[in-house]
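Enquirer: Have a peek at entry25.csv (CSV, C-alpha atoms and all ligand atoms).
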```csv
chain,number,residue,atom,x,y,z
A,16,MET,CA,191.4,49.7,196.5
A,17,SER,CA,190.3,50.0,192.9
A,18,LEU,CA,191.1,52.9,190.6
A,19,SER,CA,187.5,54.3,190.9
A,20,GLU,CA,187.9,54.2,194.7
A,21,HIS,CA,191.1,56.2,194.4
A,22,LYS,CA,189.3,58.7,192.1
A,23,PHE,CA,186.6,59.0,194.7
A,24,LEU,CA,189.2,59.6,197.4
A,25,LEU,CA,190.8,62.4,195.5
A,26,LYS,CA,187.4,63.9,194.7
A,27,THR,CA,186.4,63.9,198.4
A,28,PHE,CA,189.8,65.5,199.3
A,29,ALA,CA,189.4,68.2,196.7
A,30,GLU,CA,185.8,68.9,197.6
A,31,SER,CA,186.7,69.3,201.3
A,32,HIS,CA,188.4,72.5,200.0
A,33,LEU,CA,185.1,74.0,198.7
A,34,THR,CA,184.1,77.0,200.7
A,35,GLY,CA,180.9,78.2,198.9
A,36,GLN,CA,182.9,81.2,197.6
A,37,GLU,CA,182.6,81.3,193.8
A,38,ASN,CA,186.1,82.1,192.9
A,39,ASN,CA,187.6,79.6,195.3
A,40,ASP,CA,185.3,76.8,194.3
A,41,TYR,CA,185.8,77.4,190.6
A,42,HIS,CA,189.6,76.9,191.0
A,43,ILE,CA,189.2,73.8,193.2
A,44,ARG,CA,186.9,72.2,190.5
A,45,LEU,CA,189.3,73.3,187.8
A,46,LYS,CA,192.1,71.3,189.3
A,47,LEU,CA,190.0,68.4,190.2
A,48,ASN,CA,188.8,68.1,186.6
A,49,HIS,CA,192.4,68.6,185.4
A,50,SER,CA,193.5,65.7,187.7
A,51,MET,CA,190.9,63.4,186.2
A,52,ARG,CA,191.9,64.3,182.6
A,53,VAL,CA,195.6,63.8,183.5
A,54,LEU,CA,194.7,60.3,184.7
A,55,ASP,CA,192.9,59.6,181.4
A,56,ASN,CA,195.9,60.9,179.4
A,57,GLY,CA,198.2,58.8,181.6
A,58,LEU,CA,196.1,55.6,181.1
A,59,ALA,CA,196.3,56.2,177.3
A,60,ILE,CA,200.1,56.5,177.5
A,61,ILE,CA,200.4,53.5,179.9
A,62,GLY,CA,198.3,51.3,177.5
A,63,LYS,CA,200.0,52.3,174.3
A,64,GLU,CA,203.6,52.3,175.7
A,65,ASP,CA,203.1,48.8,177.3
A,66,ILE,CA,203.8,50.0,180.8
A,67,ASN,CA,202.5,46.8,182.5
A,68,GLY,CA,201.7,45.3,185.9
A,69,ARG,CA,202.5,47.1,189.1
A,70,THR,CA,204.5,49.8,187.3
A,71,GLY,CA,201.4,50.6,185.3
A,72,GLU,CA,199.2,50.8,188.4
A,73,LEU,CA,201.6,53.0,190.3
A,74,THR,CA,202.0,55.2,187.3
A,75,ALA,CA,198.2,55.7,187.2
A,76,MET,CA,198.3,56.7,190.9
A,77,ALA,CA,201.0,59.2,190.2
A,78,CYS,CA,198.9,60.8,187.4
A,79,LEU,CA,195.8,60.9,189.6
A,80,TYR,CA,197.4,62.3,192.7
A,81,HIS,CA,200.0,64.6,191.0
A,82,ASP,CA,198.2,67.8,191.8
A,83,ILE,CA,196.8,67.0,195.2
A,84,GLY,CA,198.9,69.8,196.6
A,85,ARG,CA,196.9,72.3,194.4
A,86,PHE,CA,193.9,72.2,196.7
A,87,PRO,CA,195.6,73.3,200.0
A,88,GLN,CA,197.7,75.7,197.9
A,89,PHE,CA,194.7,77.6,196.6
A,90,ILE,CA,192.9,77.6,200.0
A,91,ARG,CA,196.0,79.1,201.7
A,92,TYR,CA,197.4,81.4,199.0
A,93,ALA,CA,194.5,82.0,196.5
A,94,THR,CA,197.0,81.4,193.7
A,95,PHE,CA,198.4,78.5,191.6
A,96,ARG,CA,201.6,80.4,191.1
A,97,ASP,CA,204.3,78.5,193.0
A,98,ALA,CA,206.7,81.4,192.9
A,99,ASN,CA,204.2,83.5,195.0
A,100,SER,CA,203.2,80.7,197.3
A,101,VAL,CA,204.6,77.2,197.7
A,102,ASN,CA,206.0,74.4,195.5
A,103,HIS,CA,202.7,72.5,194.8
A,104,GLY,CA,204.6,69.2,194.2
A,105,ARG,CA,206.1,69.5,197.7
A,106,MET,CA,202.7,70.5,199.1
A,107,GLY,CA,201.3,67.3,197.4
A,108,ILE,CA,203.7,65.2,199.4
A,109,LEU,CA,202.6,66.8,202.6
A,110,ALA,CA,198.9,66.4,201.7
A,111,LEU,CA,199.5,62.7,201.1
A,112,ARG,CA,201.4,62.4,204.4
A,113,ASN,CA,198.4,63.8,206.2
A,114,LEU,CA,195.9,61.6,204.5
A,115,ASP,CA,194.7,58.3,205.9
A,116,LEU,CA,196.1,56.4,203.0
A,117,PRO,CA,194.1,53.4,201.8
A,118,GLY,CA,195.4,49.9,201.6
A,119,GLY,CA,196.4,48.1,198.4
A,120,PHE,CA,199.8,49.6,198.2
A,121,SER,CA,202.8,48.9,200.4
A,122,ASP,CA,204.6,51.7,202.4
A,123,GLY,CA,207.4,51.5,199.8
A,124,GLU,CA,204.9,51.9,197.0
A,125,TRP,CA,203.3,55.0,198.6
A,126,ARG,CA,206.8,56.4,199.0
A,127,LEU,CA,207.2,56.0,195.2
A,128,ILE,CA,203.8,57.7,194.6
A,129,LYS,CA,204.9,60.6,196.9
A,130,ALA,CA,208.2,60.9,195.2
A,131,ALA,CA,206.5,61.0,191.8
A,132,VAL,CA,204.1,63.7,193.0
A,133,GLY,CA,207.1,65.7,194.3
A,134,LEU,CA,209.0,65.4,191.0
A,135,HIS,CA,206.1,66.0,188.6
A,136,ASN,CA,206.7,69.7,188.5
A,137,ALA,CA,210.5,69.7,188.9
A,138,LYS,CA,212.2,72.0,186.4
A,139,GLU,CA,214.4,69.1,185.2
A,140,VAL,CA,214.2,65.4,186.0
A,141,ASN,CA,217.5,63.6,186.6
A,142,PRO,CA,218.0,61.6,183.4
A,143,ARG,CA,219.5,58.8,185.5
A,144,LEU,CA,216.2,58.1,187.1
A,145,LYS,CA,215.3,54.5,186.2
A,146,GLY,CA,212.7,51.9,186.6
A,147,THR,CA,209.3,52.3,188.1
A,148,LEU,CA,209.8,55.8,189.5
A,149,ALA,CA,211.1,57.0,186.1
A,150,ALA,CA,207.9,55.6,184.3
A,151,MET,CA,205.7,57.2,187.0
A,152,VAL,CA,207.4,60.6,186.7
A,153,ASN,CA,207.8,60.6,182.9
A,154,VAL,CA,204.2,59.6,182.1
A,155,THR,CA,202.8,62.0,184.7
A,156,ARG,CA,204.8,64.9,183.2
A,157,ASP,CA,203.6,64.1,179.7
A,158,ALA,CA,200.0,63.5,180.7
A,159,ASP,CA,200.0,66.8,182.6
A,160,LYS,CA,201.5,68.8,179.7
A,161,ILE,CA,198.9,67.4,177.3
A,162,ASP,CA,196.1,68.6,179.4
A,163,ILE,CA,197.6,72.0,180.2
A,164,PHE,CA,198.0,72.5,176.5
A,165,SER,CA,194.3,72.1,175.8
A,166,VAL,CA,193.3,74.2,178.9
A,167,ILE,CA,195.6,77.1,177.9
A,168,LEU,CA,194.6,77.0,174.2
A,169,GLU,CA,191.0,77.0,175.1
A,170,HIS,CA,191.5,79.9,177.5
A,171,LEU,CA,193.5,82.0,175.1
A,172,SER,CA,191.1,81.4,172.2
A,173,GLN,CA,188.3,83.1,174.3
A,174,PRO,CA,189.4,86.8,174.2
A,175,HIS,CA,189.0,88.9,177.3
A,176,SER,CA,188.2,85.9,179.5
A,177,PRO,CA,187.3,87.2,182.9
A,178,ASP,CA,189.5,84.6,184.5
A,179,GLN,CA,193.2,85.3,184.2
A,180,VAL,CA,194.5,83.0,186.9
A,181,VAL,CA,195.1,80.2,184.5
A,182,ILE,CA,197.6,82.2,182.5
A,183,HIS,CA,198.9,84.1,185.5
A,184,ARG,CA,197.6,87.5,184.4
A,185,LEU,CA,199.7,88.1,181.3
A,186,GLU,CA,199.2,91.0,179.0
A,187,GLU,CA,197.1,90.2,175.9
A,188,HIS,CA,198.7,91.4,172.7
A,189,PRO,CA,198.0,90.1,169.1
A,190,THR,CA,201.6,89.7,167.9
A,191,ARG,CA,204.1,90.5,170.7
A,192,TYR,CA,206.2,88.0,172.4
A,193,THR,CA,209.4,88.3,174.5
A,194,PRO,CA,212.6,87.7,172.6
A,195,ALA,CA,214.3,86.0,175.6
A,196,VAL,CA,211.4,83.5,175.8
A,197,TYR,CA,211.7,82.7,172.1
A,198,LYS,CA,215.4,82.3,172.4
A,199,ALA,CA,215.1,79.9,175.3
A,200,VAL,CA,212.5,77.8,173.6
A,201,ILE,CA,214.2,77.5,170.1
A,202,SER,CA,217.5,76.6,171.8
A,203,GLY,CA,215.8,73.9,173.8
A,204,ASN,CA,216.4,75.5,177.2
A,205,SER,CA,213.9,75.6,179.9
A,206,CYS,CA,212.3,79.0,180.4
A,207,ASP,CA,211.5,80.7,183.6
A,208,TYR,CA,207.9,81.8,184.3
A,209,GLY,CA,209.3,85.1,185.5
A,210,LEU,CA,210.3,86.0,181.9
A,211,LEU,CA,206.7,85.8,180.7
A,212,ARG,CA,205.0,89.0,179.8
A,213,TYR,CA,202.5,88.5,177.0
A,214,ASP,CA,199.9,85.8,176.4
A,215,LYS,CA,202.0,84.7,173.3
A,216,ASP,CA,204.9,84.0,175.7
A,217,PHE,CA,202.8,81.4,177.3
A,218,LEU,CA,202.2,79.8,173.9
A,219,LEU,CA,205.9,79.8,173.3
A,220,LEU,CA,206.5,78.2,176.7
A,221,LEU,CA,204.0,75.5,175.8
A,222,THR,CA,205.8,74.9,172.5
A,223,GLY,CA,209.0,74.4,174.4
A,224,TRP,CA,207.4,71.7,176.4
A,225,LEU,CA,207.1,69.6,173.2
A,226,PHE,CA,210.8,69.2,173.2
A,227,SER,CA,210.7,67.5,176.6
A,228,LEU,CA,208.0,65.0,176.0
A,229,ASN,CA,209.0,61.5,176.9
A,230,TYR,CA,206.8,59.3,174.8
A,231,GLY,CA,205.8,59.0,171.2
A,232,THR,CA,202.2,58.4,172.3
A,233,SER,CA,202.2,61.8,174.0
A,234,ALA,CA,203.3,63.4,170.7
A,235,ARG,CA,200.6,61.5,168.9
A,236,LEU,CA,197.9,62.4,171.4
A,237,LEU,CA,198.7,66.1,171.1
A,238,SER,CA,198.8,66.0,167.3
A,239,GLU,CA,195.6,64.0,167.0
A,240,ARG,CA,193.8,66.5,169.2
A,241,GLY,CA,195.0,69.3,166.9
A,242,LEU,CA,196.8,71.0,169.7
A,243,VAL,CA,200.1,71.5,168.0
A,244,SER,CA,198.6,73.1,164.8
A,245,LYS,CA,196.3,75.2,167.0
A,246,THR,CA,199.2,76.6,169.0
A,247,PHE,CA,201.0,77.7,165.8
A,248,GLU,CA,197.8,79.2,164.4
A,249,MET,CA,197.6,81.4,167.6
A,250,LEU,CA,201.1,82.6,167.3
A,251,PRO,CA,202.0,85.4,165.0
A,252,GLN,CA,203.1,84.4,161.5
A,253,ASN,CA,206.7,85.3,160.9
A,254,ARG,CA,210.1,83.7,160.0
A,255,GLU,CA,211.1,83.0,163.6
A,256,ILE,CA,207.8,81.2,164.4
A,257,ASP,CA,208.1,79.2,161.1
A,258,GLU,CA,211.6,78.1,162.1
A,259,LEU,CA,210.3,77.0,165.5
A,260,LYS,CA,207.4,75.2,163.9
A,261,GLY,CA,209.8,73.3,161.6
A,262,LYS,CA,211.9,72.2,164.6
A,263,VAL,CA,208.9,71.1,166.7
A,264,LEU,CA,207.3,69.1,163.9
A,265,HIS,CA,210.6,67.4,163.2
A,266,HIS,CA,211.1,66.6,166.8
A,267,LEU,CA,207.6,65.1,167.3
A,268,GLU,CA,207.9,63.0,164.2
A,269,THR,CA,211.3,61.6,165.4
A,270,LEU,CA,209.9,60.9,168.9
A,271,GLY,CA,206.9,59.0,167.4
A,272,LYS,CA,209.2,57.0,165.1
A,273,ASN,CA,211.8,56.1,167.8
A,274,ARG,CA,209.1,54.7,170.1
A,275,LEU,CA,207.5,52.7,167.3
A,276,GLN,CA,210.8,51.1,166.5
A,277,GLU,CA,211.6,50.1,170.1
A,301,FE,FE,201.1,70.2,188.8
```
In structure tokens, write the structure found in this file.
Ligand SMILES: [Fe+2]
Expert:
Amino acid sequence: MSLSEHKFLLKTFAESHLTGQENNDYHIRLKLNHSMRVLDNGLAIIGKEDINGRTGELTAMACLYHDIGRFPQFIRYATFRDANSVNHGRMGILALRNLDLPGGFSDGEWRLIKAAVGLHNAKEVNPRLKGTLAAMVNVTRDADKIDIFSVILEHLSQPHSPDQVVIHRLEEHPTRYTPAVYKAVISGNSCDYGLLRYDKDFLLLLTGWLFSLNYGTSARLLSERGLVSKTFEMLPQNREIDELKGKVLHHLETLGKNRLQE
């Protein structure tokens, strides 16, 4: 089965969750479009990072199917917030289990795809993960972050957007952010969604993701699209944010260089 046939399969699955109800259908389409863009980001990383052969093909599948659990999640719970519903990675494994999976991949390879779907949203990934599954998970996580970055920035740059689901109904404030969120991000720790209160907290959370990127290509894609500079333009201007910006830029530069030297 070709890549375009897999894209069609995901599209058909997603569209089977359309109900004709505007709010529902908007969110189903949002995640379908997101999945396709994550695939495109993933293909860019696969190409530039020389992830070849079967590993490259399986990595593309992980990117395409990573959010397949989002469709049943929204239908059942009317939210994308895992804490209030289900772990959508786990839901993705179940969705794939229930699908009549096409040929072209062995049972073992489908197991790898399911494992990558299940791990794509894990809080931390075991650093000892190696080989094909590591590439699948690491590329998917980077490709996902790159797209979420642009979606959130676009959303936050449209004030008073009627749709708040994408940022989980956070309070809009021009300068406020939560000190605990800043502290977690600047010290390189992961930050719990439960700590988020203001829209700026979400920007800080996104900034923290930059420290967990796996590939220099991902850092370059984000920078080339102006997403890093835009994030800092949208955060308040103060000494704390300047310090964070310095740390982020240094990290991205190092990540890009390390990969180039390999
Ligand atoms: Fe996801």
Enquirer: So that each row is one residue of chain A with an atom at most 9 Å from ligand FE 301 (chain A), can you give its shortest atom pair and the distance in Å to one decimal, using only C-alpha atoms and all ligand atoms, rows by chain and rising number, as CSV?
Expert:
```
residue,atom,partner,partner_atom,distance
A:Ser50,CA,A:FE301,FE,8.9
A:His81,CA,A:FE301,FE,6.1
A:Asp82,CA,A:FE301,FE,4.8
A:Ile83,CA,A:FE301,FE,8.3
A:Gly84,CA,A:FE301,FE,8.1
A:Arg85,CA,A:FE301,FE,7.3
A:His103,CA,A:FE301,FE,6.6
A:Gly104,CA,A:FE301,FE,6.5
A:Val132,CA,A:FE301,FE,8.3
A:His135,CA,A:FE301,FE,6.5
A:Asn136,CA,A:FE301,FE,5.6
A:Arg156,CA,A:FE301,FE,8.6
A:Asp159,CA,A:FE301,FE,7.2
```
Enquirer: One number please: atom CA of A:Thr232 to atom CA of A:Thr70, in Å, one decimal.
Expert: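 Separation between atom CA of A:Thr232 and atom CA of A:Thr70: 17.4 Å.
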Enquirer: Would you please work out which residue, of A:Pro251, A:Gly271, A:Pro117, A:Gly261, is nearest to A:Arg235 when using only C-alpha atoms?
Expert: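 The answer is A:Gly271, which sits nearest to A:Arg235.
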Enquirer: From the options A:Ala199, A:Cys206, A:Leu185, A:Ile60, which residue's atoms come nearest to A:Leu228, counting all atoms listed in the file?
Expert: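 Smallest separation from A:Leu228 among the options: A:Ile60.
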Enquirer: Could you give me the centre and size, in Å to one decimal, of an axis-aligned box around all listed atoms of stretch 257-269 of chain A with 8 Å added on every side, as lines of an AutoDock Vina configuration file?
Expert:
```
center_x = 209.6
center_y = 70.4
center_z = 164.2
size_x = 20.6
size_y = 33.6
size_z = 22.2
```
Enquirer: May I ask for the distance between atom CA of A:Thr222 and atom CA of A:Val243, given in Å to one decimal place?
Expert: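 Interatomic distance, atom CA of A:Thr222 to atom CA of A:Val243: 8.0 Å.
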Enquirer: Residues proximal to (203.1, 54.7, 181.2) were defined as those with any atom within 10 Å of that point in the file's coordinates, counting all atoms listed in the file. Which are they, as a ChimeraX atom specification?
Expert: /A:56-67,70-75,78,147,149-155,157-158,229-230,232
Enquirer: Tell me, as a list in words, which residues lie within 8 Å of A:Leu219, counting all atoms listed in the file; anything in the same chain fewer than 5 positions away does not count.
Expert: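 Selected residues are Val196, Tyr197 and Val200 of chain A.
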